[in-house]
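Asker: Sharing data37.pdb here; it has PDB, C-alpha atoms, pLDDT in the B column.
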```pdb
ATOM      1  CA  MET X1357       0.000   0.000   0.000  1.00 91.00           C
ATOM      2  CA  VAL X1358       1.465   3.340  -1.076  1.00 95.00           C
ATOM      3  CA  ARG X1359       1.391   6.122   1.499  1.00 94.00           C
ATOM      4  CA  TYR X1360       2.461   9.750   1.275  1.00 94.00           C
ATOM      5  CA  HIS X1361       3.826  12.047   3.946  1.00 93.00           C
ATOM      6  CA  ASN X1362       3.068  15.333   2.200  1.00 89.00           C
ATOM      7  CA  PHE X1363       3.005  17.053  -1.172  1.00 96.00           C
ATOM      8  CA  ASP X1364       3.943  20.378  -2.700  1.00 96.00           C
ATOM      9  CA  ILE X1365       3.769  22.169  -6.004  1.00 97.00           C
ATOM     10  CA  VAL X1366       7.362  22.500  -7.223  1.00 96.00           C
ATOM     11  CA  PHE X1367       9.208  23.890 -10.214  1.00 95.00           C
ATOM     12  CA  ALA X1368      12.661  22.289 -10.077  1.00 93.00           C
ATOM     13  CA  GLU X1369      11.998  18.532  -9.900  1.00 95.00           C
ATOM     14  CA  VAL X1370      10.986  18.071 -13.555  1.00 97.00           C
ATOM     15  CA  PRO X1371      12.348  20.433 -16.228  1.00 96.00           C
ATOM     16  CA  ASP X1372       9.729  22.684 -17.847  1.00 95.00           C
ATOM     17  CA  GLU X1373       6.932  21.329 -15.642  1.00 97.00           C
ATOM     18  CA  VAL X1374       4.870  22.652 -12.747  1.00 98.00           C
ATOM     19  CA  THR X1375       4.772  19.526 -10.637  1.00 98.00           C
ATOM     20  CA  LEU X1376       2.588  18.142  -7.885  1.00 98.00           C
ATOM     21  CA  ALA X1377       5.308  16.258  -5.979  1.00 96.00           C
ATOM     22  CA  LEU X1378       4.037  13.544  -3.634  1.00 96.00           C
ATOM     23  CA  ASN X1379       6.582  12.440  -1.005  1.00 92.00           C
ATOM     24  CA  LEU X1380       6.023   8.717  -0.564  1.00 94.00           C
ATOM     25  CA  THR X1381       6.908   6.878   2.627  1.00 89.00           C
ATOM     26  CA  ARG X1382       8.311   3.406   3.351  1.00 86.00           C
ATOM     27  CA  CYS X1383      11.589   4.026   1.543  1.00 81.00           C
ATOM     28  CA  PRO X1384      13.756   0.891   1.724  1.00 79.00           C
ATOM     29  CA  ASN X1385      16.965   2.464   0.385  1.00 81.00           C
ATOM     30  CA  ARG X1386      18.598   3.858   3.570  1.00 80.00           C
ATOM     31  CA  CYS X1387      20.994   6.114   1.658  1.00 72.00           C
ATOM     32  CA  PRO X1388      23.748   7.540   3.909  1.00 75.00           C
ATOM     33  CA  GLY X1389      23.193  11.280   4.317  1.00 75.00           C
ATOM     34  CA  CYS X1390      19.532  11.033   3.291  1.00 73.00           C
ATOM     35  CA  HIS X1391      17.824  14.427   3.472  1.00 71.00           C
ATOM     36  CA  SER X1392      14.419  12.856   4.248  1.00 77.00           C
ATOM     37  CA  PRO X1393      14.921   9.994   6.728  1.00 68.00           C
ATOM     38  CA  HIS X1394      11.348  10.471   7.979  1.00 76.00           C
ATOM     39  CA  LEU X1395      10.182   8.954   4.668  1.00 76.00           C
ATOM     40  CA  ARG X1396      11.558   5.562   5.773  1.00 71.00           C
ATOM     41  CA  SER X1397       8.608   4.913   8.106  1.00 77.00           C
ATOM     42  CA  ASN X1398       5.318   3.338   7.071  1.00 83.00           C
ATOM     43  CA  THR X1399       3.251   6.422   7.919  1.00 86.00           C
ATOM     44  CA  GLY X1400       1.131   8.990   6.151  1.00 90.00           C
ATOM     45  CA  ARG X1401      -2.091   8.944   4.199  1.00 94.00           C
ATOM     46  CA  VAL X1402      -2.915   6.083   1.863  1.00 94.00           C
ATOM     47  CA  LEU X1403      -2.338   7.121  -1.750  1.00 96.00           C
ATOM     48  CA  ASP X1404      -4.810   5.217  -3.873  1.00 97.00           C
ATOM     49  CA  GLU X1405      -6.710   6.297  -6.987  1.00 96.00           C
ATOM     50  CA  GLU X1406      -9.425   7.931  -4.885  1.00 97.00           C
ATOM     51  CA  GLU X1407      -6.961  10.003  -2.841  1.00 97.00           C
ATOM     52  CA  LEU X1408      -5.014  10.922  -5.970  1.00 97.00           C
ATOM     53  CA  ALA X1409      -8.243  12.012  -7.681  1.00 97.00           C
ATOM     54  CA  ALA X1410      -9.129  14.194  -4.683  1.00 97.00           C
ATOM     55  CA  LEU X1411      -5.724  15.914  -4.844  1.00 97.00           C
ATOM     56  CA  LEU X1412      -5.983  16.443  -8.582  1.00 97.00           C
ATOM     57  CA  GLU X1413      -9.504  17.866  -8.276  1.00 95.00           C
ATOM     58  CA  VAL X1414      -7.951  20.632  -6.168  1.00 95.00           C
ATOM     59  CA  TYR X1415      -4.530  21.048  -7.827  1.00 94.00           C
ATOM     60  CA  GLY X1416      -4.900  19.483 -11.279  1.00 90.00           C
ATOM     61  CA  ARG X1417      -5.500  22.768 -13.089  1.00 92.00           C
ATOM     62  CA  SER X1418      -2.398  24.302 -11.485  1.00 96.00           C
ATOM     63  CA  VAL X1419       0.099  21.620 -12.504  1.00 98.00           C
ATOM     64  CA  THR X1420       1.389  19.960 -15.657  1.00 98.00           C
ATOM     65  CA  CYS X1421       2.977  16.913 -14.009  1.00 98.00           C
ATOM     66  CA  VAL X1422       2.483  14.530 -11.081  1.00 98.00           C
ATOM     67  CA  ALA X1423       5.708  13.214  -9.530  1.00 97.00           C
ATOM     68  CA  PHE X1424       5.912  10.240  -7.222  1.00 96.00           C
ATOM     69  CA  MET X1425       8.920  10.995  -5.026  1.00 94.00           C
ATOM     70  CA  GLY X1426       9.973   7.563  -3.820  1.00 90.00           C
ATOM     71  CA  GLY X1427       7.829   4.473  -3.745  1.00 88.00           C
ATOM     72  CA  ASP X1428      10.681   2.008  -4.102  1.00 89.00           C
ATOM     73  CA  GLY X1429       8.905  -0.264  -1.631  1.00 89.00           C
ATOM     74  CA  GLU X1430       5.900  -0.603  -3.988  1.00 93.00           C
ATOM     75  CA  PRO X1431       7.093   0.156  -7.535  1.00 95.00           C
ATOM     76  CA  GLN X1432       4.258  -1.737  -9.238  1.00 96.00           C
ATOM     77  CA  GLU X1433       1.678   0.254  -7.262  1.00 96.00           C
ATOM     78  CA  VAL X1434       3.414   3.512  -8.169  1.00 96.00           C
ATOM     79  CA  ALA X1435       3.275   2.525 -11.855  1.00 97.00           C
ATOM     80  CA  LEU X1436      -0.450   1.739 -11.515  1.00 97.00           C
ATOM     81  CA  LEU X1437      -1.058   5.169  -9.985  1.00 97.00           C
ATOM     82  CA  ALA X1438       0.839   6.806 -12.853  1.00 97.00           C
ATOM     83  CA  GLU X1439      -1.291   4.888 -15.342  1.00 96.00           C
ATOM     84  CA  ALA X1440      -4.421   6.037 -13.487  1.00 97.00           C
ATOM     85  CA  VAL X1441      -3.284   9.653 -13.914  1.00 97.00           C
ATOM     86  CA  ARG X1442      -2.830   9.039 -17.640  1.00 94.00           C
ATOM     87  CA  ARG X1443      -6.309   7.533 -18.020  1.00 95.00           C
ATOM     88  CA  ARG X1444      -8.196  10.204 -16.099  1.00 95.00           C
ATOM     89  CA  TRP X1445      -6.033  13.280 -16.808  1.00 96.00           C
ATOM     90  CA  PRO X1446      -4.401  12.579 -20.193  1.00 95.00           C
ATOM     91  CA  THR X1447      -2.841  16.055 -20.437  1.00 96.00           C
ATOM     92  CA  LEU X1448      -0.835  15.605 -17.217  1.00 97.00           C
ATOM     93  CA  ARG X1449       2.615  14.106 -17.374  1.00 98.00           C
ATOM     94  CA  THR X1450       3.943  11.675 -14.775  1.00 98.00           C
ATOM     95  CA  ALA X1451       7.336  11.273 -13.135  1.00 98.00           C
ATOM     96  CA  TRP X1452       8.907   8.813 -10.725  1.00 97.00           C
ATOM     97  CA  TYR X1453      11.905   9.608  -8.550  1.00 95.00           C
ATOM     98  CA  SER X1454      13.424   6.254  -7.622  1.00 94.00           C
ATOM     99  CA  GLY X1455      16.526   5.601  -5.560  1.00 92.00           C
ATOM    100  CA  ARG X1456      17.165   2.356  -7.429  1.00 93.00           C
ATOM    101  CA  ALA X1457      20.069   2.030  -9.846  1.00 93.00           C
ATOM    102  CA  GLU X1458      17.793   0.547 -12.521  1.00 93.00           C
ATOM    103  CA  LEU X1459      14.131  -0.096 -13.105  1.00 94.00           C
ATOM    104  CA  PRO X1460      12.768  -3.010 -11.098  1.00 92.00           C
ATOM    105  CA  PRO X1461      11.579  -6.100 -12.987  1.00 91.00           C
ATOM    106  CA  GLY X1462       8.106  -5.708 -14.411  1.00 90.00           C
ATOM    107  CA  ILE X1463       8.119  -1.907 -14.515  1.00 93.00           C
ATOM    108  CA  VAL X1464       7.435  -0.619 -18.002  1.00 91.00           C
ATOM    109  CA  PRO X1465       9.034   2.809 -18.578  1.00 96.00           C
ATOM    110  CA  THR X1466       6.041   4.010 -20.605  1.00 95.00           C
ATOM    111  CA  ALA X1467       3.972   4.192 -17.408  1.00 94.00           C
ATOM    112  CA  PHE X1468       5.851   7.478 -16.898  1.00 98.00           C
ATOM    113  CA  ASP X1469       6.984  10.489 -18.906  1.00 98.00           C
ATOM    114  CA  TYR X1470      10.058  10.967 -16.697  1.00 98.00           C
ATOM    115  CA  ILE X1471      12.075   8.681 -14.432  1.00 98.00           C
ATOM    116  CA  LYS X1472      14.937   9.560 -12.070  1.00 97.00           C
ATOM    117  CA  LEU X1473      17.170   6.633 -11.123  1.00 97.00           C
ATOM    118  CA  GLY X1474      20.033   6.445  -8.674  1.00 95.00           C
ATOM    119  CA  ALA X1475      20.644   6.375  -4.957  1.00 92.00           C
ATOM    120  CA  TRP X1476      21.568   9.523  -3.091  1.00 90.00           C
ATOM    121  CA  ILE X1477      25.347   9.557  -2.689  1.00 91.00           C
ATOM    122  CA  GLU X1478      26.190  12.723  -0.828  1.00 90.00           C
ATOM    123  CA  ALA X1479      29.774  12.965  -2.141  1.00 92.00           C
ATOM    124  CA  LEU X1480      28.524  12.826  -5.754  1.00 94.00           C
ATOM    125  CA  GLY X1481      25.815  15.442  -5.285  1.00 93.00           C
ATOM    126  CA  PRO X1482      22.319  15.998  -6.663  1.00 93.00           C
ATOM    127  CA  LEU X1483      21.102  15.999 -10.259  1.00 95.00           C
ATOM    128  CA  SER X1484      22.555  19.489 -10.738  1.00 95.00           C
ATOM    129  CA  SER X1485      26.090  18.273  -9.915  1.00 95.00           C
ATOM    130  CA  PRO X1486      28.392  17.263 -12.787  1.00 95.00           C
ATOM    131  CA  THR X1487      29.599  14.341 -10.635  1.00 96.00           C
ATOM    132  CA  THR X1488      26.167  12.935  -9.743  1.00 96.00           C
ATOM    133  CA  ASN X1489      25.477   9.240 -10.115  1.00 96.00           C
ATOM    134  CA  GLN X1490      21.757   9.951 -10.510  1.00 96.00           C
ATOM    135  CA  ARG X1491      20.201  10.069 -13.984  1.00 98.00           C
ATOM    136  CA  PHE X1492      17.009  11.768 -15.121  1.00 98.00           C
ATOM    137  CA  TYR X1493      15.270  10.340 -18.177  1.00 98.00           C
ATOM    138  CA  ARG X1494      12.560  11.548 -20.528  1.00 98.00           C
ATOM    139  CA  ILE X1495      10.633   8.470 -21.655  1.00 98.00           C
ATOM    140  CA  GLY X1496       9.828   8.240 -25.354  1.00 97.00           C
ATOM    141  CA  PRO X1497       6.546   6.783 -26.658  1.00 95.00           C
ATOM    142  CA  ASP X1498       8.377   3.534 -27.469  1.00 96.00           C
ATOM    143  CA  GLY X1499       9.869   3.279 -23.947  1.00 95.00           C
ATOM    144  CA  THR X1500      13.255   4.698 -24.906  1.00 97.00           C
ATOM    145  CA  MET X1501      14.905   6.303 -21.896  1.00 97.00           C
ATOM    146  CA  ASN X1502      16.590   9.524 -23.023  1.00 98.00           C
ATOM    147  CA  ASP X1503      19.042  10.893 -20.449  1.00 98.00           C
ATOM    148  CA  ILE X1504      18.272  14.589 -19.876  1.00 97.00           C
ATOM    149  CA  THR X1505      20.194  14.983 -16.599  1.00 97.00           C
ATOM    150  CA  GLU X1506      22.140  17.834 -18.167  1.00 95.00           C
ATOM    151  CA  ARG X1507      18.948  19.954 -18.029  1.00 95.00           C
ATOM    152  CA  PHE X1508      19.466  20.320 -14.262  1.00 95.00           C
ATOM    153  CA  ARG X1509      22.805  22.075 -14.668  1.00 89.00           C
ATOM    154  CA  ARG X1510      22.772  25.855 -14.690  1.00 75.00           C
ATOM    155  CA  ARG X1511      24.375  27.556 -17.588  1.00 60.00           C
ATOM    156  CA  ASN X1512      26.432  30.704 -16.902  1.00 50.00           C
TER     157      ASN X1512
END
```
Write out the structure in this file as structure tokens.
Answerer:
Amino acid sequence: MVRYHNFDIVFAEVPDEVTLALNLTRCPNRCPGCHSPHLRSNTGRVLDEEELAALLEVYGRSVTCVAFMGGDGEPQEVALLAEAVRRRWPTLRTAWYSGRAELPPGIVPTAFDYIKLGAWIEALGPLSSPTTNQRFYRIGPDGTMNDITERFRRRN
């Protein structure tokens, strides 16, 4: 069962998108230096299609993307929620921020428009760092994962 701790409307998590970012709990990754260790617990509100619909009734006109921040404990359920967004709100894009190094078995990339992969490694930095191990992908209609991590780097 997917649960979320909180949400926010953000501008930096997905390039060129106004994003409803849902912070999912029950993270199994235990990355050293994690900035959100409270997301390890199995707490928060249940995020099912009904709860997601209620959030999008309020915020859906203000955003262009829904991002599932975490969910590595229930990746198949996260993919099902992304597919539910696509069915009911076909103009919204979907993103998944995963701490895994690669997609788990059975996850089809086309459930999402964007996928971030990679554990947090403090010494390597965030997506905006040239040394980051994390990768951010734009998913093509055929499931091709196009690395667009460079979009997070500021140009001087």
Asker: Enumerate, as a list of chain:residue names, the residues matched when the PyMOL selection byres ((chain X and resi 1378) around 8) is run on the file above.
Answerer: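 This file, filtered by the PyMOL selection byres ((chain X and resi 1378) around 8), leaves X:Tyr1360, X:His1361, X:Asn1362, X:Phe1363, X:Asp1364, X:Leu1376, X:Ala1377, X:Asn1379, X:Leu1380, X:Val1422, X:Ala1423, X:Phe1424, X:Met1425.
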Asker: Kindly indicate which residue among X:Gly1481, X:Thr1505, X:Ala1475, X:Glu1430 lies nearest to Pro1461 (chain X), using only C-alpha atoms for the distances.
Answerer: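 Distance minimum relative to Pro1461 (chain X) lands on X:Glu1430.
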Asker: Tell me which protein, DNA and RNA residues are within 7 Å of region 1454-1457 of chain X, counting only C-alpha atoms, leaving out same-chain ones fewer than 5 positions away, and put them as a PyMOL selection string.
Answerer: chain X and resi 1385+1426+1428+1472-1476
Asker: Could you tell me which residues the PyMOL selection byres ((chain X and resi 1407) around 12) grabs in this file, written as JSON, numbers by chain?
Answerer: {"X": [1358, 1359, 1360, 1378, 1401, 1402, 1403, 1404, 1405, 1406, 1408, 1409, 1410, 1411, 1412, 1413, 1414, 1437, 1440, 1441]}
Asker: As an exercise, work out the distance from CA of Val1464 (chain X) to CA of Ser1392 (chain X) in Å and give it to one decimal place.
Answerer: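 Spanning CA of Val1464 (chain X) to CA of Ser1392 (chain X) is a straight-line distance of 26.9 Å.
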Asker: Rank X:Arg1396, X:Arg1442, X:Arg1386, X:Arg1494 by their smallest atom-to-atom distance to Pro1465 (chain X), using all atoms listed in the file, and report the top residue only.
Answerer: X:Arg1494
Asker: Could you please determine the separation between CA of Arg1491 (chain X) and CA of Cys1383 (chain X) in Å, to one decimal place?
Answerer: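 The value is 18.8 Å.
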Asker: Could you please determine the separation between CA of Val1434 (chain X) and CA of Pro1486 (chain X) in Å, to one decimal place?
Answerer: 28.9 Å
Asker: Near Glu1506 (chain X), within 12 Å and counting all atoms listed in the file, which residues show up once chain neighbours fewer than 5 positions away are dropped, as an MDAnalysis selection string?
Answerer: chainID X and resid 1371 1482:1488 1490:1494 1511
Asker: Enclose region 1451-1461 of chain X, meaning all of its atoms listed in the file, in a box aligned along x, y and z, pad it by 3 Å on each side, and list the centre and edge lengths in Å to one decimal, as lines of an AutoDock Vina configuration file.
Answerer:
```
center_x = 13.7
center_y = 2.6
center_z = -9.3
size_x = 18.7
size_y = 23.4
size_z = 13.6
```
Asker: Run the PyMOL selection byres ((chain X and resi 1468) around 8) on the file and write out the hits as an MDAnalysis selection string.
Answerer: chainID X and resid 1435 1438:1439 1449:1452 1465:1467 1469:1471 1495
Asker: For each of X:Tyr1453, X:Gly1462, X:Asn1502, X:Ile1477, take the minimum atom-to-atom distance to Val1370 (chain X), counting all atoms listed in the file, then give the residue where this is smallest.
Answerer: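 Between X:Tyr1453, X:Gly1462, X:Asn1502, X:Ile1477, the residue approaching Val1370 (chain X) most closely is X:Tyr1453.
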